[in-house]
$ cat coords.txt   # compact mmCIF, C-alpha atoms
# COMPACT_ATOMS: atom_id res chain seq x y z
CA MET T 1 38.83 28.20 10.83
CA SER T 2 42.28 29.56 11.63
CA GLN T 3 43.93 32.34 9.65
CA PRO T 4 47.03 31.58 7.59
CA ALA T 5 50.29 32.51 9.28
CA ASN T 6 50.88 35.33 6.81
CA ASP T 7 47.37 36.78 7.07
CA ILE T 8 48.11 40.07 8.78
CA GLY T 9 44.80 41.79 8.68
CA SER T 10 41.28 41.05 7.75
CA ALA T 11 38.05 42.53 8.89
CA GLY T 12 34.45 41.91 8.07
CA LEU T 13 31.35 44.00 8.47
CA GLU T 14 27.84 42.62 8.25
CA VAL T 15 25.04 44.81 6.96
CA GLU T 16 21.41 43.68 7.06
CA ASN T 17 19.65 43.78 3.68
CA THR T 18 16.35 42.37 2.54
CA ASP T 19 16.22 40.35 -0.67
CA MET T 20 13.34 40.41 -3.19
CA SER T 21 11.47 37.67 -1.33
CA GLY T 22 11.53 39.70 1.89
CA CYS T 23 14.08 37.42 3.59
CA GLU T 24 16.71 39.16 5.67
CA ILE T 25 20.19 38.22 4.50
CA ALA T 26 23.34 39.64 6.06
CA ALA T 27 25.42 41.54 3.52
CA ASN T 28 29.11 41.03 4.04
CA ASP T 29 32.09 43.33 3.55
CA ILE T 30 35.47 41.61 3.67
CA VAL T 31 38.71 43.57 3.63
CA LYS T 32 41.94 41.63 3.84
CA LEU T 33 45.66 42.41 3.76
CA THR T 34 47.93 39.39 3.50
CA HIS T 35 51.41 38.24 2.50
CA ASP T 36 49.88 35.06 1.05
CA LYS T 37 49.22 34.55 -2.65
CA LEU T 38 45.71 35.78 -3.49
CA SER T 39 43.09 33.36 -4.78
CA THR T 40 40.64 34.65 -7.37
CA GLU T 41 38.34 31.70 -6.69
CA GLU T 42 38.32 32.33 -2.91
CA VAL T 43 37.56 36.02 -3.33
CA SER T 44 34.87 35.55 -5.98
CA MET T 45 33.17 32.73 -4.06
CA SER T 46 33.09 34.86 -0.91
CA VAL T 47 30.58 37.22 -2.56
CA VAL T 48 28.32 34.69 -4.34
CA CYS T 49 24.69 35.01 -3.28
CA PRO T 50 21.56 33.20 -4.55
CA SER T 51 19.67 36.49 -4.99
CA CYS T 52 22.45 38.02 -7.11
CA GLY T 53 22.83 37.57 -10.84
CA ALA T 54 26.21 39.30 -11.04
CA VAL T 55 29.64 38.95 -9.50
CA SER T 56 32.08 41.49 -10.89
CA LEU T 57 35.84 41.19 -10.37
CA PHE T 58 38.90 43.36 -10.71
CA ILE T 59 42.26 41.60 -10.56
CA GLY T 60 45.37 43.77 -10.52
CA ILE T 61 48.51 41.81 -11.44
CA THR T 62 52.21 42.58 -11.60
CA ARG T 63 53.20 43.41 -15.16
CA ASN T 64 56.69 42.71 -16.51
CA SER T 65 57.64 46.20 -17.67
CA PHE T 66 57.26 49.88 -16.85
CA GLU T 67 58.53 52.74 -19.03
CA GLY T 68 60.95 50.47 -20.87
CA LYS T 69 62.37 48.82 -17.73
CA LYS T 70 61.95 45.09 -17.13
CA VAL T 71 60.11 44.55 -13.83
CA VAL T 72 60.79 41.26 -12.00
CA GLU T 73 58.57 41.85 -8.96
CA LEU T 74 56.74 44.41 -6.89
CA GLU T 75 56.92 44.88 -3.14
CA TYR T 76 54.01 46.36 -1.18
CA GLU T 77 53.99 47.90 2.28
CA ALA T 78 51.06 49.32 4.21
CA TYR T 79 50.13 51.07 7.39
CA ILE T 80 47.72 48.23 8.21
CA PRO T 81 45.27 49.85 10.69
CA MET T 82 44.78 52.89 8.47
CA ALA T 83 44.63 50.80 5.28
CA GLN T 84 41.90 48.60 6.76
CA SER T 85 39.98 51.65 7.94
CA GLU T 86 40.14 53.26 4.49
CA MET T 87 39.10 50.00 2.81
CA LYS T 88 36.07 49.77 5.13
CA LYS T 89 35.17 53.37 4.19
CA ILE T 90 35.22 52.35 0.53
CA CYS T 91 32.75 49.54 1.30
CA TRP T 92 30.52 51.98 3.16
CA ASP T 93 30.63 54.43 0.23
CA VAL T 94 29.76 51.64 -2.23
CA ARG T 95 26.71 50.77 -0.17
CA LEU T 96 25.56 54.39 -0.18
CA LYS T 97 26.05 54.78 -3.95
CA TRP T 98 24.74 51.34 -4.97
CA PRO T 99 22.24 50.12 -2.32
CA SER T 100 21.52 46.90 -4.24
CA VAL T 101 25.12 45.66 -3.80
CA LYS T 102 25.06 42.52 -1.67
CA HIS T 103 28.63 41.45 -0.80
CA ILE T 104 31.99 43.21 -1.17
CA ALA T 105 35.45 41.66 -0.88
CA ILE T 106 38.70 43.63 -1.19
CA HIS T 107 41.90 41.60 -0.79
CA HIS T 108 45.32 43.23 -1.16
CA ARG T 109 48.64 41.43 -1.03
CA LEU T 110 51.63 42.84 0.83
CA GLY T 111 55.28 41.91 0.52
CA VAL T 112 56.79 40.54 -2.69
CA VAL T 113 54.44 39.94 -5.65
CA PRO T 114 56.15 38.32 -8.68
CA VAL T 115 55.23 39.10 -12.29
CA SER T 116 51.80 37.71 -13.32
CA GLU T 117 50.57 37.27 -9.74
CA ALA T 118 47.69 39.25 -8.27
CA SER T 119 48.35 42.14 -5.92
CA VAL T 120 44.70 43.13 -5.48
CA ILE T 121 41.38 41.38 -6.07
CA ILE T 122 38.03 43.11 -5.67
CA ALA T 123 34.74 41.20 -5.97
CA ILE T 124 31.23 42.60 -5.67
CA SER T 125 27.86 40.89 -6.05
CA SER T 126 24.56 42.52 -6.90
CA PRO T 127 21.25 41.48 -8.43
CA LEU T 128 22.11 43.20 -11.75
CA ARG T 129 25.49 43.60 -13.49
CA SER T 130 25.52 47.39 -13.90
CA GLU T 131 25.72 48.05 -10.16
CA SER T 132 28.49 45.55 -9.49
CA LEU T 133 30.53 46.69 -12.51
CA GLU T 134 30.27 50.37 -11.52
CA ALA T 135 31.02 49.57 -7.88
CA VAL T 136 34.16 47.54 -8.75
CA LYS T 137 35.56 50.43 -10.80
CA TYR T 138 34.79 52.84 -7.96
CA CYS T 139 36.51 50.49 -5.46
CA ILE T 140 39.82 50.21 -7.33
CA ASP T 141 39.94 53.90 -8.23
CA THR T 142 39.21 54.94 -4.64
CA LEU T 143 41.60 52.36 -3.18
CA LYS T 144 44.46 53.75 -5.28
CA ALA T 145 43.55 57.31 -4.26
CA THR T 146 43.02 56.86 -0.52
CA VAL T 147 44.46 53.66 0.95
CA PRO T 148 48.00 53.93 2.40
CA ILE T 149 49.63 51.06 0.51
CA TRP T 150 53.02 51.73 -1.08
CA LYS T 151 54.54 49.93 -4.07
CA LYS T 152 58.20 49.39 -4.94
CA GLU T 153 59.14 48.14 -8.41
CA ILE T 154 62.20 45.90 -8.58
CA TYR T 155 63.86 45.77 -11.99
CA GLU T 156 65.95 43.16 -13.78
CA THR T 157 68.99 45.42 -13.24
CA GLU T 158 68.38 45.07 -9.46
CA ASP T 159 67.56 48.78 -9.28
CA CYS T 160 64.29 49.65 -7.63
CA SER T 161 61.87 52.54 -7.44
CA TRP T 162 59.07 53.43 -5.01
CA LYS T 163 56.03 54.37 -7.09
CA GLU T 164 53.22 56.80 -6.37
CA ASN T 165 49.78 56.21 -7.78
CA LYS T 166 48.82 59.14 -9.97
CA GLU T 167 45.39 58.91 -8.32
CA CYS T 168 46.85 59.20 -4.81
CA ARG T 169 45.39 62.31 -3.13
CA TRP T 170 48.49 63.11 -1.10
CA ALA T 171 51.12 62.39 -3.81
CA GLY T 172 51.25 65.92 -5.17
CA SER T 173 51.39 67.53 -1.74
CA ARG T 174 54.97 66.48 -0.95
CA GLU T 175 57.92 68.71 -1.65
CA LYS T 176 60.27 67.26 -4.23
$ encode --input "coords.txt" --output "structure tokens"
Amino acid sequence: MSQPANDIGSAGLEVENTDMSGCEIAANDIVKLTHDKLSTEEVSMSVVCPSCGAVSLFIGITRNSFEGKKVVELEYEAYIPMAQSEMKKICWDVRLKWPSVKHIAIHHRLGVVPVSEASVIIAISSPLRSESLEAVKYCIDTLKATVPIWKKEIYETEDCSWKENKECRWAGSREK
């Protein structure tokens, strides 16, 4: 299967796990950065597993306003090698904290993302819901704090503003 022309970075990592029946099944971590529109169905189906009763999702979408300004689109940029590396670290951390997690998929869109379209989708499967729900929250919180992806808001007035995530670990270290 060939990658879409705008797919600029994806990486997978297989981890061997054993399911309840003793069968070895490869766990899969998928991290992807792309300029293409994200598909919730594609991401969620990539983590479905017969031994798992839960697939938890987080979908971050572009909202139409921020602090009273009308937002028309967002634009994302990333340092791709470092972003992929940090996303893989998040997967590794999830596996340490929640060993029952089976599959992890983190897809982030780059470039222009119009209002109501997804900029990030995270999907995690596990045998029970509590682990996948906790792991999804950890993933998005850690992604915003550690992954070098930058966001620019473009407003109806054609003004724009680069935004820092309040969770970002290095945001407060810059001189203003």
$ residues_around --input "coords.txt" --residues "Ser65 (chain T)" --least-positions-apart "6" --cutoff "9 Å" --atoms "all atoms listed in the file" --output "PDB file with C-alpha atoms, in the coordinates of the input"
ATOM      1  CA  VAL T  71      60.110  44.550 -13.830  1.00  0.00           C
ATOM      2  CA  VAL T  72      60.790  41.260 -12.000  1.00  0.00           C
ATOM      3  CA  TYR T 155      63.860  45.770 -11.990  1.00  0.00           C
TER       4      TYR T 155
END
$ atom_distance --input "coords.txt" --atom1 "CA of Val136 (chain T)" --atom2 "CA of Pro114 (chain T)"
23.8 Å
$ atom_distance --input "coords.txt" --atom1 "CA of Pro148 (chain T)" --atom2 "CA of His108 (chain T)"
11.6 Å
$ atom_distance --input "coords.txt" --atom1 "CA of Gly53 (chain T)" --atom2 "CA of Val31 (chain T)"
22.3 Å
$ closest_residue --input "coords.txt" --among "T:Ile30, T:Ile61, T:Leu38, T:Cys139" --to "Ala105 (chain T)" --atoms "all atoms listed in the file"
T:Ile30
$ closest_residue --input "coords.txt" --among "T:Val43, T:Ile80, T:Leu74, T:Met87" --to "Asp141 (chain T)" --atoms "all atoms listed in the file"
T:Met87
$ closest_residue --input "coords.txt" --among "T:Ala83, T:Leu110, T:Val120, T:Leu57" --to "Asp36 (chain T)" --atoms "only C-alpha atoms"
T:Leu110
$ closest_residue --input "coords.txt" --among "T:Pro81, T:Gly60, T:Pro99, T:Gly111" --to "Val147 (chain T)" --atoms "all atoms listed in the file"
T:Pro81
$ closest_residue --input "coords.txt" --among "T:His107, T:Lys89, T:Arg63, T:Lys102" --to "Thr142 (chain T)" --atoms "only C-alpha atoms"
T:Lys89
$ closest_residue --input "coords.txt" --among "T:Glu117, T:Tyr76, T:Gln84, T:Glu131" --to "Trp150 (chain T)" --atoms "all atoms listed in the file"
T:Tyr76
$ residues_near_point --input "coords.txt" --point "(60.9, 44.8, -0.4)" --cutoff "9 Å" --atoms "only C-alpha atoms" --output "PyMOL selection string"
chain T and resi 74-77+111-112+151-154
$ write_last_selection --input "coords.txt" --atoms "C-alpha atoms" --output "PDB file, in the frame of the given file"
ATOM      1  CA  LEU T  74      56.740  44.410  -6.890  1.00  0.00           C
ATOM      2  CA  GLU T  75      56.920  44.880  -3.140  1.00  0.00           C
ATOM      3  CA  TYR T  76      54.010  46.360  -1.180  1.00  0.00           C
ATOM      4  CA  GLU T  77      53.990  47.900   2.280  1.00  0.00           C
ATOM      5  CA  GLY T 111      55.280  41.910   0.520  1.00  0.00           C
ATOM      6  CA  VAL T 112      56.790  40.540  -2.690  1.00  0.00           C
ATOM      7  CA  LYS T 151      54.540  49.930  -4.070  1.00  0.00           C
ATOM      8  CA  LYS T 152      58.200  49.390  -4.940  1.00  0.00           C
ATOM      9  CA  GLU T 153      59.140  48.140  -8.410  1.00  0.00           C
ATOM     10  CA  ILE T 154      62.200  45.900  -8.580  1.00  0.00           C
TER      11      ILE T 154
END
$ residues_near_point --input "coords.txt" --point "(31.9, 51.3, -11.7)" --cutoff "12 Å" --atoms "all atoms listed in the file" --output "list in words"
Ser56, Leu57, Phe58, Val94, Lys97, Trp98, Val101, Ile122, Ala123, Ile124, Arg129, Ser130, Glu131, Ser132, Leu133, Glu134, Ala135, Val136, Lys137, Tyr138, Cys139, Ile140, Asp141 and Thr142 of chain T
$ build_atoms --input "coords.txt" --residues "region 95-113 of chain T" --atoms "N, CA, C and O atoms" --output "PDB file, in the coordinates of the input"
ATOM      1  N   ARG T  95      28.076  51.062  -0.608  1.00  0.00           N
ATOM      2  CA  ARG T  95      26.710  50.770  -0.170  1.00  0.00           C
ATOM      3  C   ARG T  95      25.795  51.993  -0.248  1.00  0.00           C
ATOM      4  O   ARG T  95      24.602  51.867  -0.509  1.00  0.00           O
ATOM      5  N   LEU T  96      26.362  53.174  -0.036  1.00  0.00           N
ATOM      6  CA  LEU T  96      25.560  54.390  -0.180  1.00  0.00           C
ATOM      7  C   LEU T  96      25.239  54.684  -1.640  1.00  0.00           C
ATOM      8  O   LEU T  96      24.132  55.106  -1.972  1.00  0.00           O
ATOM      9  N   LYS T  97      26.218  54.483  -2.525  1.00  0.00           N
ATOM     10  CA  LYS T  97      26.050  54.780  -3.950  1.00  0.00           C
ATOM     11  C   LYS T  97      25.240  53.716  -4.689  1.00  0.00           C
ATOM     12  O   LYS T  97      24.503  54.025  -5.625  1.00  0.00           O
ATOM     13  N   TRP T  98      25.412  52.457  -4.310  1.00  0.00           N
ATOM     14  CA  TRP T  98      24.740  51.340  -4.970  1.00  0.00           C
ATOM     15  C   TRP T  98      24.080  50.464  -3.897  1.00  0.00           C
ATOM     16  O   TRP T  98      24.613  49.418  -3.515  1.00  0.00           O
ATOM     17  N   PRO T  99      22.897  50.850  -3.411  1.00  0.00           N
ATOM     18  CA  PRO T  99      22.240  50.120  -2.320  1.00  0.00           C
ATOM     19  C   PRO T  99      21.918  48.659  -2.626  1.00  0.00           C
ATOM     20  O   PRO T  99      21.758  47.862  -1.706  1.00  0.00           O
ATOM     21  N   SER T 100      21.841  48.291  -3.898  1.00  0.00           N
ATOM     22  CA  SER T 100      21.520  46.900  -4.240  1.00  0.00           C
ATOM     23  C   SER T 100      22.717  45.960  -4.117  1.00  0.00           C
ATOM     24  O   SER T 100      22.554  44.741  -4.169  1.00  0.00           O
ATOM     25  N   VAL T 101      23.929  46.510  -3.950  1.00  0.00           N
ATOM     26  CA  VAL T 101      25.120  45.660  -3.800  1.00  0.00           C
ATOM     27  C   VAL T 101      24.941  44.762  -2.581  1.00  0.00           C
ATOM     28  O   VAL T 101      24.533  45.218  -1.510  1.00  0.00           O
ATOM     29  N   LYS T 102      25.246  43.491  -2.752  1.00  0.00           N
ATOM     30  CA  LYS T 102      25.060  42.520  -1.670  1.00  0.00           C
ATOM     31  C   LYS T 102      26.353  42.303  -0.867  1.00  0.00           C
ATOM     32  O   LYS T 102      26.406  42.590   0.315  1.00  0.00           O
ATOM     33  N   HIS T 103      27.380  41.757  -1.508  1.00  0.00           N
ATOM     34  CA  HIS T 103      28.630  41.450  -0.800  1.00  0.00           C
ATOM     35  C   HIS T 103      29.796  42.159  -1.487  1.00  0.00           C
ATOM     36  O   HIS T 103      29.813  42.305  -2.710  1.00  0.00           O
ATOM     37  N   ILE T 104      30.790  42.538  -0.673  1.00  0.00           N
ATOM     38  CA  ILE T 104      31.990  43.210  -1.170  1.00  0.00           C
ATOM     39  C   ILE T 104      33.202  42.521  -0.557  1.00  0.00           C
ATOM     40  O   ILE T 104      33.242  42.308   0.661  1.00  0.00           O
ATOM     41  N   ALA T 105      34.183  42.205  -1.381  1.00  0.00           N
ATOM     42  CA  ALA T 105      35.450  41.660  -0.880  1.00  0.00           C
ATOM     43  C   ALA T 105      36.594  42.429  -1.541  1.00  0.00           C
ATOM     44  O   ALA T 105      36.632  42.567  -2.763  1.00  0.00           O
ATOM     45  N   ILE T 106      37.499  42.943  -0.701  1.00  0.00           N
ATOM     46  CA  ILE T 106      38.700  43.630  -1.190  1.00  0.00           C
ATOM     47  C   ILE T 106      39.895  42.961  -0.519  1.00  0.00           C
ATOM     48  O   ILE T 106      40.054  43.063   0.696  1.00  0.00           O
ATOM     49  N   HIS T 107      40.699  42.265  -1.302  1.00  0.00           N
ATOM     50  CA  HIS T 107      41.900  41.600  -0.790  1.00  0.00           C
ATOM     51  C   HIS T 107      43.112  42.257  -1.444  1.00  0.00           C
ATOM     52  O   HIS T 107      43.153  42.388  -2.670  1.00  0.00           O
ATOM     53  N   HIS T 108      44.089  42.636  -0.625  1.00  0.00           N
ATOM     54  CA  HIS T 108      45.320  43.230  -1.160  1.00  0.00           C
ATOM     55  C   HIS T 108      46.506  42.480  -0.590  1.00  0.00           C
ATOM     56  O   HIS T 108      46.577  42.209   0.603  1.00  0.00           O
ATOM     57  N   ARG T 109      47.436  42.152  -1.445  1.00  0.00           N
ATOM     58  CA  ARG T 109      48.640  41.430  -1.030  1.00  0.00           C
ATOM     59  C   ARG T 109      49.712  42.423  -0.627  1.00  0.00           C
ATOM     60  O   ARG T 109      49.866  43.487  -1.226  1.00  0.00           O
ATOM     61  N   LEU T 110      50.478  42.063   0.374  1.00  0.00           N
ATOM     62  CA  LEU T 110      51.630  42.840   0.830  1.00  0.00           C
ATOM     63  C   LEU T 110      52.882  41.987   0.633  1.00  0.00           C
ATOM     64  O   LEU T 110      52.807  40.789   0.405  1.00  0.00           O
ATOM     65  N   GLY T 111      54.033  42.631   0.736  1.00  0.00           N
ATOM     66  CA  GLY T 111      55.280  41.910   0.520  1.00  0.00           C
ATOM     67  C   GLY T 111      55.570  41.773  -0.961  1.00  0.00           C
ATOM     68  O   GLY T 111      55.104  42.567  -1.776  1.00  0.00           O
ATOM     69  N   VAL T 112      56.331  40.749  -1.306  1.00  0.00           N
ATOM     70  CA  VAL T 112      56.790  40.540  -2.690  1.00  0.00           C
ATOM     71  C   VAL T 112      55.682  39.888  -3.516  1.00  0.00           C
ATOM     72  O   VAL T 112      55.086  38.893  -3.102  1.00  0.00           O
ATOM     73  N   VAL T 113      55.424  40.473  -4.703  1.00  0.00           N
ATOM     74  CA  VAL T 113      54.440  39.940  -5.650  1.00  0.00           C
ATOM     75  C   VAL T 113      55.142  39.789  -7.009  1.00  0.00           C
ATOM     76  O   VAL T 113      55.402  40.782  -7.686  1.00  0.00           O
TER      77      VAL T 113
END
